[in-house]
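Structure, as structure tokens:
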Amino acid sequence: MLYSTTASDFLYLRQNINTKNLNGSDSSLASLFLLQPKYDIELCVEDAVLFRRYHGKQNRLGWGFPIPLQTAGETYLRSAIAYILEQSAKENIMPQFCLCTQEQKNQIDACLSKYFSSCSAEWNTNRDDSDYLYLTQNLATLSGPNYQKKRNHVSRFNRIYGTDWEFKTFPEYDIADDIMFVADTWFTEKDGPENEALILEHESIRTALDNAELLNMRGGVVYIHGKPAAMTLASPVSDSVLDVHFEKAVAEHEPNGVFAIVNNQFAKTCTDYLYINREEDMGVEGLRKAKLSYKPTTVLDKFYGKVM
């Protein structure tokens with residue numbers, strides 16, 4: 001059993017996890033690494049399966065869907081669920097799953113029905129936790145009538161700033177300090193020191209940069225008049241899905257389309273991934289409106305189940 005709390009543990013996971021069917025933001029190794037303190041995530045490897053156990057509150061409590069390593073056999077899920085049931089029985093608690101996609105929920109239900117017929121799961125979902133997945137090509141080209149407003153935002157940006165701006169990619173350019181400058185500025189402008197959630201997020205950005213190579217982080221910065229104005233950071237969920245963890249901008253440029261620019265410019269550098277996952281909206285009305293405005297290909301619901 002491997003309890004993963006160190007960089008070397010995550011290097012092992014990065015080299016050995018089978019990511020073929022993963023697309024949820026909670027499945028990215030960077031998310032697990034960065035969110036361990038926030039949700040008290042316990043990770044262990046047992047019989048070629050990565051187990052994720054969340055000790056947070058409400059929808060971040062319970063076991064994530066077991067993720068197989070590349071050496072796992074075809075019947076890994078049966079063994080994994082047996083392990084979870086056994087661990088729960090030892091602790092005399094009700095087994096429960098969290099952050100499962102519809103497909104993962106169906107797999108758990110089928111496995112319980114076939115091999116653990118005395119058990120069944122009662123499931124709920126929360127729209128606030130649904131991920132937004134987009135075709136990378138759509139975000140990169142902004143073509144078609146669905147993206148007319150986004151093209152207008154880009155045009156506004158170009159009218160205001162002309163050619164006095166540029167986009168640089170990370171880690172190709174040594175711009176970690178500039179990424180952090182934008183994050184620091186945004187944090188101060190949003191009264192971050194007074195908000196516990198923003199404090200944890202801000203610390204996560206620094207941690208992501210400090211471990212950028214390990215977590216396979218990539219991103220970029222928009223510069224206006226030679227100064228950092230917006231940033232983004234992302235990491236792979238799988239070979240086909242890239243997860244955007246952070247996207248921030250300096251407040252004075254927000255009304256002028258800088259978010260549309262950083263989104264579009266970054267997407268143009270990510271066409272080696274079929275999809276971009278821009279994570280959940282957390283029930284924030286403005287954030288939900290913004291994410292929907294980019295016309296997601298999929299709104300990936302997450303399910304929470306108690307095994308009875």
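Residue numbering restarts at 1 for every chain of the structure tokens, chains are lettered A, B, ... in their displayed order, and ligands are numbered from 1 as they appear.
The environment of Phe157 in chain A within 8 Å, counting only C-alpha atoms and disregarding residues fewer than 4 places along the same chain, consists of His153, Tyr161, Gly162, Asn256, Gly257, Val258 and Ile261 of chain A.
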Just C-alpha atoms for this one: save the residues we selected as an mmCIF file, in the first residue's frame.
```cif
data_model
loop_
_atom_site.group_PDB
_atom_site.id
_atom_site.type_symbol
_atom_site.label_atom_id
_atom_site.label_comp_id
_atom_site.auth_asym_id
_atom_site.auth_seq_id
_atom_site.Cartn_x
_atom_site.Cartn_y
_atom_site.Cartn_z
ATOM 1 C CA HIS A 153 -14.779 40.401 -27.183
ATOM 2 C CA TYR A 161 -4.687 47.484 -27.265
ATOM 3 C CA GLY A 162 -3.775 47.205 -30.943
ATOM 4 C CA ASN A 256 -11.786 44.873 -22.285
ATOM 5 C CA GLY A 257 -11.884 41.172 -23.176
ATOM 6 C CA VAL A 258 -8.682 39.898 -21.587
ATOM 7 C CA ILE A 261 -7.970 36.480 -25.133
#
```
Do a neighbour search on Asp243 in chain A at 7 Å with only C-alpha atoms, toss out local chain neighbours closer than 5 positions, and write the hits as a PyMOL selection string. chain A and resi 25+234-237+276-278
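Taking CA of Ala121 in chain A and CA of Glu91 in chain A as the two end points, the separation is 18.6 Å.
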A straight line from CA of Lys190 in chain A to CA of Leu214 in chain A spans 29.6 Å
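The closest residue to Gly219 in chain A, picked from A:Ala176, A:Cys44, A:Ala7, A:Ile67 and counting only C-alpha atoms, is A:Ala176.
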**Request:** Could you give me the residues within range 48-286 of chain A that DSSP places in alpha helix (DSSP H), as a VMD selection string?
**Result:** chain A and resid 76 to 91 102 to 115 136 to 141 148 to 161 176 to 189 196 to 210 212 to 215 258 to 268 285 to 286
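Proximity ranking of A:Ala30, A:Ile179, A:Leu85, A:Ala140 relative to Gln265 in chain A places A:Ala140 first, based on only C-alpha atoms.
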From CA of Trp186 in chain A to CA of Ile199 in chain A the spacing works out at 11.7 Å
Would you return as number ranges by chain the members of range 46-264 of chain A that DSSP assigns to strand (DSSP E) on this structure's backbone?
A: 46, 49-55, 61-63, 67-68, 96-100, 121-125, 131-135, 165-170, 218-224, 227-236, 241-249
Saved selection, atoms kept: C-alpha atoms, as a short mmCIF file (atom, residue, chain, number, x, y, z; two decimals), in the first residue's frame:
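Final output, saved to part24.cif:
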```
data_model
loop_
_atom_site.label_atom_id
_atom_site.label_comp_id
_atom_site.auth_asym_id
_atom_site.auth_seq_id
_atom_site.Cartn_x
_atom_site.Cartn_y
_atom_site.Cartn_z
CA GLU A 46 -3.62 -1.55 -3.49
CA VAL A 49 -5.59 0.31 -8.16
CA LEU A 50 -5.41 3.94 -6.96
CA PHE A 51 -7.92 4.57 -4.20
CA ARG A 52 -8.98 8.15 -3.43
CA ARG A 53 -10.73 8.82 -0.16
CA TYR A 54 -12.00 12.33 0.54
CA HIS A 55 -12.41 13.52 4.12
CA LEU A 61 -16.74 12.95 1.52
CA GLY A 62 -16.21 9.29 0.59
CA TRP A 63 -14.38 7.27 -2.04
CA ILE A 67 -8.57 4.28 -10.88
CA PRO A 68 -6.66 1.30 -12.32
CA GLN A 96 -20.08 5.99 0.12
CA PHE A 97 -18.77 7.24 -3.19
CA CYS A 98 -18.27 10.80 -4.37
CA LEU A 99 -17.43 12.70 -7.57
CA CYS A 100 -18.38 9.81 -9.86
CA ALA A 121 -26.20 2.44 -3.94
CA GLU A 122 -28.54 5.39 -3.56
CA TRP A 123 -27.27 8.23 -5.71
CA ASN A 124 -27.65 12.00 -5.75
CA THR A 125 -26.08 14.73 -7.85
CA ASP A 131 -17.50 19.97 -15.03
CA TYR A 132 -17.65 21.85 -18.33
CA LEU A 133 -15.94 20.11 -21.26
CA TYR A 134 -15.28 21.90 -24.55
CA LEU A 135 -13.86 20.85 -27.88
CA TRP A 165 0.16 42.83 -26.38
CA GLU A 166 1.49 39.29 -26.65
CA PHE A 167 0.91 35.79 -25.29
CA LYS A 168 3.74 33.63 -23.96
CA THR A 169 3.44 29.96 -23.08
CA PHE A 170 4.61 28.17 -19.96
CA ARG A 218 1.31 24.10 -18.88
CA GLY A 219 -0.17 27.55 -19.29
CA GLY A 220 0.55 31.06 -20.39
CA VAL A 221 0.47 34.80 -19.75
CA VAL A 222 -1.08 37.67 -21.69
CA TYR A 223 1.13 40.75 -21.58
CA ILE A 224 -0.28 44.24 -22.20
CA LYS A 227 3.23 43.88 -18.22
CA PRO A 228 1.53 40.62 -17.14
CA ALA A 229 -2.24 41.06 -17.44
CA ALA A 230 -3.75 37.54 -17.37
CA MET A 231 -2.61 34.00 -16.75
CA THR A 232 -3.77 30.40 -17.02
CA LEU A 233 -2.47 27.04 -15.74
CA ALA A 234 -3.60 23.55 -16.74
CA SER A 235 -2.56 19.90 -16.62
CA PRO A 236 -3.60 16.65 -18.34
CA VAL A 241 -8.47 15.90 -21.89
CA LEU A 242 -6.67 18.93 -20.47
CA ASP A 243 -7.87 20.42 -17.18
CA VAL A 244 -7.69 24.19 -16.65
CA HIS A 245 -7.03 24.72 -12.95
CA PHE A 246 -6.51 28.48 -12.78
CA GLU A 247 -7.35 31.50 -14.91
CA LYS A 248 -6.86 35.01 -13.48
CA ALA A 249 -6.60 38.56 -14.80
#
```
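Among the candidates A:Thr298, A:Asn23, A:Asn16, A:Ser8, the residue lying nearest to Ser240 in chain A is A:Asn23 (atoms considered: only C-alpha atoms).
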Near Asp272 in chain A, within 9 Å and counting only C-alpha atoms, which residues show up once chain neighbours fewer than 2 positions away are dropped, as a VMD selection string?
chain A and resid 136 239 to 240 269 to 270 274
Restricting the output to C-alpha atoms, write the selected residues as a PDB file, in the first residue's frame.
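That gives us selection_28.pdb:
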```pdb
ATOM      1  CA  THR A 136     -10.429  22.447 -27.919  1.00  0.00           C
ATOM      2  CA  ASP A 239      -4.219  11.929 -23.395  1.00  0.00           C
ATOM      3  CA  SER A 240      -7.387  13.565 -24.719  1.00  0.00           C
ATOM      4  CA  THR A 269      -1.558  25.920 -28.024  1.00  0.00           C
ATOM      5  CA  CYS A 270      -3.511  22.873 -26.776  1.00  0.00           C
ATOM      6  CA  LEU A 274      -9.357  16.863 -27.986  1.00  0.00           C
TER       7      LEU A 274
END
```
